[in-house]
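*Asks:* Below is a structure I'd like to ask you about.
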Protein chains: 2
Amino acid sequence: MIAQETNNSARQCPHNATINCNQCSLGDICLPAALKADEINRLDDIVRRRRDLVKGKHLYRTLDGFQSVYAIRSGHIKTYQITEDGEEQVTGFYFPGEIVGLDGIGKNHYTNNAKALDEAGICEIPFTQFQQLTSEFPELQMHFFQLMGKEITSDQMLITLLSKKTAEQRLATFLLTISARKARHNQCSNRFTLPMPRSDIANYLGLTIETVSRIFSRLAKAETITFSNKDIEIIDADKLKELANLDGEF
Amino acid sequence: MIAQETNNSARQCPHNATINCNQCSLGDICLPAALKADEINRLDDIVRRRRDLVKGKHLYRTLDGFQSVYAIRSGHIKTYQITEDGEEQVTGFYFPGEIVGLDGIGKNHYTNNAKALDEAGICEIPFTQFQQLTSEFPELQMHFFQLMGKEITSDQMLITLLSKKTAEQRLATFLLTISARKARHNQCSNRFTLPMPRSDIANYLGLTIETVSRIFSRLAKAETITFSNKDIEIIDADKLKELANLDGEF
DNA sequence: CGGCCGGTTGACTAATTTCAAGCAGGGTGG
DNA sequence: CCACCCTGCTTGAAATTAGTCAACCGGCCG
């Protein structure tokens, strides 16, 4: 029913591993956002590009030594932990321009696994060198603190969601979050393809696959969205916001 | 049944607002842990002491401008958010030696409210000055990154708990977390007084007061703990750990 | 072609919430 | 000093939400 391709070519295709931070289309939402043109070159010097992952490949694993954080140039990453009893817990989804690996900073190893949901282009940022750079550029340090702060606040939003919201509210909120992130990239915000399978959505939202599936159907029946597998179209954003109980947020 | 007083006098009473960072009994778990003696004095210079709160008083509120982070010298703080529909969501409990206010870093305002659960002594750390100090002392910067990292990982533990665990597992985990924090302060780890009411526990764990109460009773009936109101004694820590991790379901 | 995987749907079950009542302790006012 | 009330906590019975089990569907791949 919906035939839509992800539109990655905002300015330059971020799949292209040879471009530098100055040219990158993600410059205004990624780390360079905090820097002046000449400073970006300094950042560029320490960034290692062309770390490309095929779908399903890990960017890092829980006990890998913490060396770097990673900027996502293209594709999508999910982070997850394995609980004591061997179950997977999805802790986050990351979109182009976002930074993964912050969970490793507290310890000398990562606390999550990070896995590509599709073909992903990654910029590796060795943390020691980056940290030196932050001492030089207070703006960058501030920006980085802000990144960690955002990580904390987004985790806390998830906590509220898991603690207080019904299945329907959770899924509605989830879809709106994705939509908002698409908008940030000047991509169509009411028509998109989910990069992750139902099982990951369910896991992330603290629900079962069946419940997620049922809610998708229910939302479609109420003419709030239409969908075909991973292709989603938001028809009635207001109703979705109402369902999510997030009237003022987006 | 249980008559126990909190034992705050590890070395010096942290209620005493006149002592400095060098003398503080919390030196080895608080920020000074990262610093040498002479460096601690520099930290001490920027710390504003004697911000003391009576029970129920706010340390900061959601939309207060972000200026400072706070070290807890004595007493307990809870952080919480108000959701769109006006409900309270407790996001954390903070004990002596721990730092509150990190949620403000991402924006220029706090994203939580912070409220004293009992009489609390607080050291205020103006963030701008602190940030300058971190540029001088890489150890301190590292320690602070670690603090934020810990905030992230503890939030993610809560996410897993809310997403995967049963009511019983949640409460067992909660009690073990408190116990571990008591141990960190050389305080009795199997006999303590909870600083927060049932309603806050329930809210934090994503349960209702009634469920929390029922689980407390169930744990007592199973001779895992005894309790009288807020006074808790852990009788069978092993059983509690067992309950917290993997339930004997499958 | 057949099997597998991801997704959907239905019927039933179990866990937690909701509603309601009651209890204990602390503080206040008569 | 006692009665009363208020708050926080406990307990029981009924209601509801989401989970479990199971069947089925369609596309994809060997």
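In the structure tokens, chains take the letters A, B, ... in the order shown, each chain's residues start at 1, and ligands count up from 1 in the order shown.
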Pairing the C-alpha atoms in order and superposing chain B on chain A, what is the resulting RMSD?
*Replies:* 2.3 Å
*Asks:* Quick one: contact table of chain B to chain D, 12 Å max, nearest atom pair and distance in Å to one decimal per residue, counting only C-alpha atoms (C1' of nucleotides), chain and number order, as CSV?
*Replies:*
residue,atom,partner,partner_atom,distance
B:Met196,CA,D:DG8,C1',11.5
B:Pro197,CA,D:DG8,C1',7.9
B:Arg198,CA,D:DC9,C1',7.9
B:Ser199,CA,D:DG8,C1',8.8
B:Asp200,CA,D:DG8,C1',11.7
B:Ile209,CA,D:DC9,C1',8.7
B:Glu210,CA,D:DT10,C1',7.8
B:Thr211,CA,D:DT10,C1',10.2
B:Val212,CA,D:DT10,C1',10.2
B:Ser213,CA,D:DT10,C1',6.6
B:Arg214,CA,D:DT10,C1',7.6
B:Ile215,CA,D:DT10,C1',10.9
B:Phe216,CA,D:DT10,C1',10.0
B:Ser217,CA,D:DT10,C1',8.7
B:Arg218,CA,D:DT10,C1',11.8
B:Ser228,CA,D:DC9,C1',10.4
B:Asn229,CA,D:DC9,C1',7.7
B:Lys230,CA,D:DC9,C1',10.3
*Asks:* Could you write out the selected residues, including N, CA and C atoms, as a CSV table (one decimal), in the first residue's frame?
*Replies:*
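The resulting file, again-v2.csv, is shown below:
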chain,number,residue,atom,x,y,z
B,196,MET,N,12.1,6.6,52.1
B,196,MET,CA,11.0,7.0,51.3
B,196,MET,C,9.7,6.2,51.6
B,197,PRO,N,8.6,6.8,51.4
B,197,PRO,CA,7.3,6.1,51.7
B,197,PRO,C,7.0,5.1,50.6
B,198,ARG,N,6.0,4.2,50.9
B,198,ARG,CA,5.6,3.2,49.9
B,198,ARG,C,5.2,3.8,48.6
B,199,SER,N,4.6,5.0,48.6
B,199,SER,CA,4.1,5.6,47.4
B,199,SER,C,5.2,5.9,46.5
B,200,ASP,N,6.3,6.3,47.0
B,200,ASP,CA,7.5,6.6,46.2
B,200,ASP,C,8.1,5.4,45.6
B,209,ILE,N,0.8,1.2,45.1
B,209,ILE,CA,1.2,1.1,46.5
B,209,ILE,C,0.7,-0.3,47.0
B,210,GLU,N,-0.5,-0.7,46.6
B,210,GLU,CA,-1.0,-1.9,47.1
B,210,GLU,C,-0.2,-3.1,46.7
B,211,THR,N,0.3,-3.1,45.5
B,211,THR,CA,1.2,-4.2,45.1
B,211,THR,C,2.5,-4.3,45.9
B,212,VAL,N,3.1,-3.1,46.0
B,212,VAL,CA,4.3,-3.1,46.8
B,212,VAL,C,4.0,-3.6,48.2
B,213,SER,N,2.9,-3.2,48.8
B,213,SER,CA,2.6,-3.6,50.2
B,213,SER,C,2.4,-5.1,50.2
B,214,ARG,N,1.7,-5.7,49.2
B,214,ARG,CA,1.5,-7.1,49.2
B,214,ARG,C,2.8,-7.9,49.0
B,215,ILE,N,3.7,-7.4,48.2
B,215,ILE,CA,5.0,-8.0,48.0
B,215,ILE,C,5.8,-8.0,49.3
B,216,PHE,N,5.8,-6.9,50.0
B,216,PHE,CA,6.5,-6.8,51.3
B,216,PHE,C,6.0,-7.9,52.2
B,217,SER,N,4.7,-8.0,52.2
B,217,SER,CA,4.1,-9.0,53.1
B,217,SER,C,4.5,-10.4,52.7
B,218,ARG,N,4.5,-10.6,51.3
B,218,ARG,CA,4.8,-12.0,50.8
B,218,ARG,C,6.3,-12.3,51.1
B,228,SER,N,9.0,-3.6,59.6
B,228,SER,CA,7.9,-2.8,60.4
B,228,SER,C,7.9,-1.4,59.8
B,229,ASN,N,6.9,-1.2,59.0
B,229,ASN,CA,6.8,0.1,58.3
B,229,ASN,C,8.1,0.3,57.4
B,230,LYS,N,8.9,1.3,57.8
B,230,LYS,CA,10.1,1.6,56.9
B,230,LYS,C,11.3,0.9,57.4
*Asks:* Please, what distance in Å, to one decimal, runs between atom CA of Asp52 of chain A and atom CA of Asp64 of chain A?
*Replies:*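 We find that atom CA of Asp52 of chain A and atom CA of Asp64 of chain A lie 18.0 Å from each other.
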*Asks:* Please tabulate, as JSON lines, the residues of chain C that come within 10 Å of chain A, each with its closest pair of atoms and the distance in Å to one decimal, counting only C-alpha atoms (C1' of nucleotides) and ordering rows by chain, then residue number upward.
*Replies:*
{"residue": "C:DG6", "atom": "C1'", "partner": "A:Pro197", "partner_atom": "CA", "distance": 8.0}
{"residue": "C:DG7", "atom": "C1'", "partner": "A:Ser213", "partner_atom": "CA", "distance": 7.4}
{"residue": "C:DT8", "atom": "C1'", "partner": "A:Ser213", "partner_atom": "CA", "distance": 6.7}
{"residue": "C:DT9", "atom": "C1'", "partner": "A:Arg214", "partner_atom": "CA", "distance": 8.0}
*Asks:* Would you mind writing down, as an MDAnalysis selection string, each residue of segment 82-165 of chain A that DSSP on the backbone assigns to alpha helix (DSSP H)?
*Replies:* chainID A and resid 127:136 138:164
*Asks:* Taking the DSSP assignment computed from this structure's backbone, write out as JSON, numbers by chain all residues of segment 28-204 of chain A that belong to strand (DSSP E or B).
*Replies:* {"A": [48, 49, 50, 51, 52, 53, 58, 59, 60, 65, 68, 69, 70, 71, 72, 73, 74, 77, 78, 79, 80, 81, 82, 88, 89, 90, 91, 92, 93, 94, 99, 100, 109, 113, 114, 115, 116, 120, 121, 122, 123, 124, 125, 126, 191, 192, 193]}
*Asks:* Contacts from chain A to chain B, 7 Å maximum, only C-alpha atoms: show me the residue list as a PyMOL selection string.
*Replies:* chain A and resi 84-85+89+91+103+105-107+135+145-150+152-153+155-156+159-160+162-164+206+245-246
*Asks:* One decimal, Å: what's the distance from atom CA of Asp45 of chain B over to atom CA of Glu124 of chain B, could you say?
*Replies:*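 Going from atom CA of Asp45 of chain B over to atom CA of Glu124 of chain B covers 11.4 Å.
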*Asks:* Residues within 8 Å of Leu26 of chain A, please, as a PyMOL selection string. Count only C-alpha atoms (C1' of nucleotides); anything in the same chain fewer than 2 positions from it doesn't count.
*Replies:* chain A and resi 14+24+28-30+73+96-97
*Asks:* Between atom CA of Ile122 of chain A and atom CA of Ile72 of chain A, what is the spacing in Å?
*Replies:* 4.8 Å
*Asks:* For Leu59 of chain A, which of A:Gly101, A:Pro195, A:Gly75, A:Pro126 is the closest residue, counting only C-alpha atoms?
*Replies:* A:Gly101
*Asks:* Name the closest residue to Phe66 of chain B among the candidates B:Arg181, B:Asn20, B:Arg191, B:Asn113; distances are taken between atoms, counting only C-alpha atoms.
*Replies:*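 Ranking B:Arg181, B:Asn20, B:Arg191, B:Asn113 by distance to Phe66 of chain B, first place goes to B:Asn113.
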*Asks:* So which residues touch Tyr94 of chain A within 7 Å, counting only C-alpha atoms (C1' of nucleotides), skipping near sequence neighbours fewer than 6 positions away, as a list in words?
*Replies:*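 Counting only C-alpha atoms (C1' of nucleotides), the residues come to His76, Ile77 and Lys78 of chain A.
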*Asks:* Determine, counting only C-alpha atoms (C1' of nucleotides), which protein, DNA and RNA residues have an atom within 12 Å of an atom of Ile125 of chain A; residues of the same chain fewer than 5 positions away are not included. Present the result as a list in words.
*Replies:*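 Everything that qualifies: Cys21, Leu31, Leu43, Asp44, Asp45, Ile46, Val47, Arg48, Arg49, Arg50, Arg51, Phe66, Gln67, Ser68, Val69, Tyr70, Ala71, Ile72, Ile99, Val100, Gly101, Leu102, Phe130, Gln131 and Leu133 of chain A.
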*Asks:* Restricted to N, CA and C atoms, what would the selected residues look like written as a PDB file, in the first residue's frame?
*Replies:*
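Result went into part-v6.pdb, see below:
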ATOM      1  N   CYS A  21      34.160  15.848   7.783  1.00  0.00           N
ATOM      2  CA  CYS A  21      33.143  16.449   8.637  1.00  0.00           C
ATOM      3  C   CYS A  21      32.609  17.754   8.065  1.00  0.00           C
ATOM      4  N   LEU A  31      28.364  16.180  15.910  1.00  0.00           N
ATOM      5  CA  LEU A  31      29.304  16.913  16.760  1.00  0.00           C
ATOM      6  C   LEU A  31      29.761  18.245  16.188  1.00  0.00           C
ATOM      7  N   LEU A  43      38.688  18.329  14.530  1.00  0.00           N
ATOM      8  CA  LEU A  43      37.866  17.163  14.832  1.00  0.00           C
ATOM      9  C   LEU A  43      38.044  16.130  13.734  1.00  0.00           C
ATOM     10  N   ASP A  44      38.031  16.633  12.511  1.00  0.00           N
ATOM     11  CA  ASP A  44      38.146  15.747  11.363  1.00  0.00           C
ATOM     12  C   ASP A  44      39.421  14.917  11.418  1.00  0.00           C
ATOM     13  N   ASP A  45      40.501  15.538  11.941  1.00  0.00           N
ATOM     14  CA  ASP A  45      41.781  14.839  12.011  1.00  0.00           C
ATOM     15  C   ASP A  45      41.712  13.563  12.839  1.00  0.00           C
ATOM     16  N   ILE A  46      40.893  13.612  13.882  1.00  0.00           N
ATOM     17  CA  ILE A  46      40.895  12.435  14.762  1.00  0.00           C
ATOM     18  C   ILE A  46      39.801  11.436  14.402  1.00  0.00           C
ATOM     19  N   VAL A  47      38.867  11.843  13.568  1.00  0.00           N
ATOM     20  CA  VAL A  47      37.778  10.936  13.200  1.00  0.00           C
ATOM     21  C   VAL A  47      38.259   9.901  12.193  1.00  0.00           C
ATOM     22  N   ARG A  48      37.966   8.660  12.500  1.00  0.00           N
ATOM     23  CA  ARG A  48      38.265   7.601  11.532  1.00  0.00           C
ATOM     24  C   ARG A  48      36.993   7.240  10.797  1.00  0.00           C
ATOM     25  N   ARG A  49      37.007   7.441   9.506  1.00  0.00           N
ATOM     26  CA  ARG A  49      35.807   7.153   8.739  1.00  0.00           C
ATOM     27  C   ARG A  49      35.795   5.699   8.236  1.00  0.00           C
ATOM     28  N   ARG A  50      34.924   5.399   7.331  1.00  0.00           N
ATOM     29  CA  ARG A  50      34.805   4.103   6.670  1.00  0.00           C
ATOM     30  C   ARG A  50      34.753   2.907   7.617  1.00  0.00           C
ATOM     31  N   ARG A  51      34.093   3.064   8.721  1.00  0.00           N
ATOM     32  CA  ARG A  51      33.801   1.856   9.487  1.00  0.00           C
ATOM     33  C   ARG A  51      32.387   1.475   9.105  1.00  0.00           C
ATOM     34  N   PHE A  66      36.541   0.096  26.162  1.00  0.00           N
ATOM     35  CA  PHE A  66      36.019   1.361  25.669  1.00  0.00           C
ATOM     36  C   PHE A  66      37.151   2.208  25.093  1.00  0.00           C
ATOM     37  N   GLN A  67      37.068   2.479  23.800  1.00  0.00           N
ATOM     38  CA  GLN A  67      38.088   3.297  23.139  1.00  0.00           C
ATOM     39  C   GLN A  67      37.460   4.510  22.476  1.00  0.00           C
ATOM     40  N   SER A  68      36.296   4.304  21.917  1.00  0.00           N
ATOM     41  CA  SER A  68      35.735   5.301  21.020  1.00  0.00           C
ATOM     42  C   SER A  68      34.235   5.468  21.221  1.00  0.00           C
ATOM     43  N   VAL A  69      33.754   6.632  20.813  1.00  0.00           N
ATOM     44  CA  VAL A  69      32.326   6.781  20.574  1.00  0.00           C
ATOM     45  C   VAL A  69      32.142   6.843  19.062  1.00  0.00           C
ATOM     46  N   TYR A  70      30.913   6.658  18.611  1.00  0.00           N
ATOM     47  CA  TYR A  70      30.691   6.527  17.178  1.00  0.00           C
ATOM     48  C   TYR A  70      29.561   7.445  16.710  1.00  0.00           C
ATOM     49  N   ALA A  71      29.806   8.158  15.633  1.00  0.00           N
ATOM     50  CA  ALA A  71      28.761   8.955  15.009  1.00  0.00           C
ATOM     51  C   ALA A  71      28.180   8.149  13.859  1.00  0.00           C
ATOM     52  N   ILE A  72      26.871   8.112  13.778  1.00  0.00           N
ATOM     53  CA  ILE A  72      26.220   7.356  12.709  1.00  0.00           C
ATOM     54  C   ILE A  72      26.042   8.256  11.488  1.00  0.00           C
ATOM     55  N   ILE A  99      24.975   9.896  18.267  1.00  0.00           N
ATOM     56  CA  ILE A  99      26.222   9.332  18.766  1.00  0.00           C
ATOM     57  C   ILE A  99      25.941   8.092  19.618  1.00  0.00           C
ATOM     58  N   VAL A 100      26.610   7.007  19.328  1.00  0.00           N
ATOM     59  CA  VAL A 100      26.500   5.797  20.151  1.00  0.00           C
ATOM     60  C   VAL A 100      27.806   5.543  20.883  1.00  0.00           C
ATOM     61  N   GLY A 101      27.721   4.869  22.002  1.00  0.00           N
ATOM     62  CA  GLY A 101      28.920   4.451  22.712  1.00  0.00           C
ATOM     63  C   GLY A 101      29.143   5.204  24.005  1.00  0.00           C
ATOM     64  N   LEU A 102      28.264   6.141  24.303  1.00  0.00           N
ATOM     65  CA  LEU A 102      28.406   6.937  25.515  1.00  0.00           C
ATOM     66  C   LEU A 102      28.313   6.073  26.773  1.00  0.00           C
ATOM     67  N   PHE A 130      39.599  12.728  21.545  1.00  0.00           N
ATOM     68  CA  PHE A 130      38.444  13.621  21.572  1.00  0.00           C
ATOM     69  C   PHE A 130      38.400  14.423  22.865  1.00  0.00           C
ATOM     70  N   GLN A 131      38.742  13.741  23.947  1.00  0.00           N
ATOM     71  CA  GLN A 131      38.707  14.394  25.249  1.00  0.00           C
ATOM     72  C   GLN A 131      39.722  15.539  25.315  1.00  0.00           C
ATOM     73  N   LEU A 133      40.630  17.268  22.792  1.00  0.00           N
ATOM     74  CA  LEU A 133      40.026  18.328  21.989  1.00  0.00           C
ATOM     75  C   LEU A 133      38.983  19.116  22.799  1.00  0.00           C
TER      76      LEU A 133
END
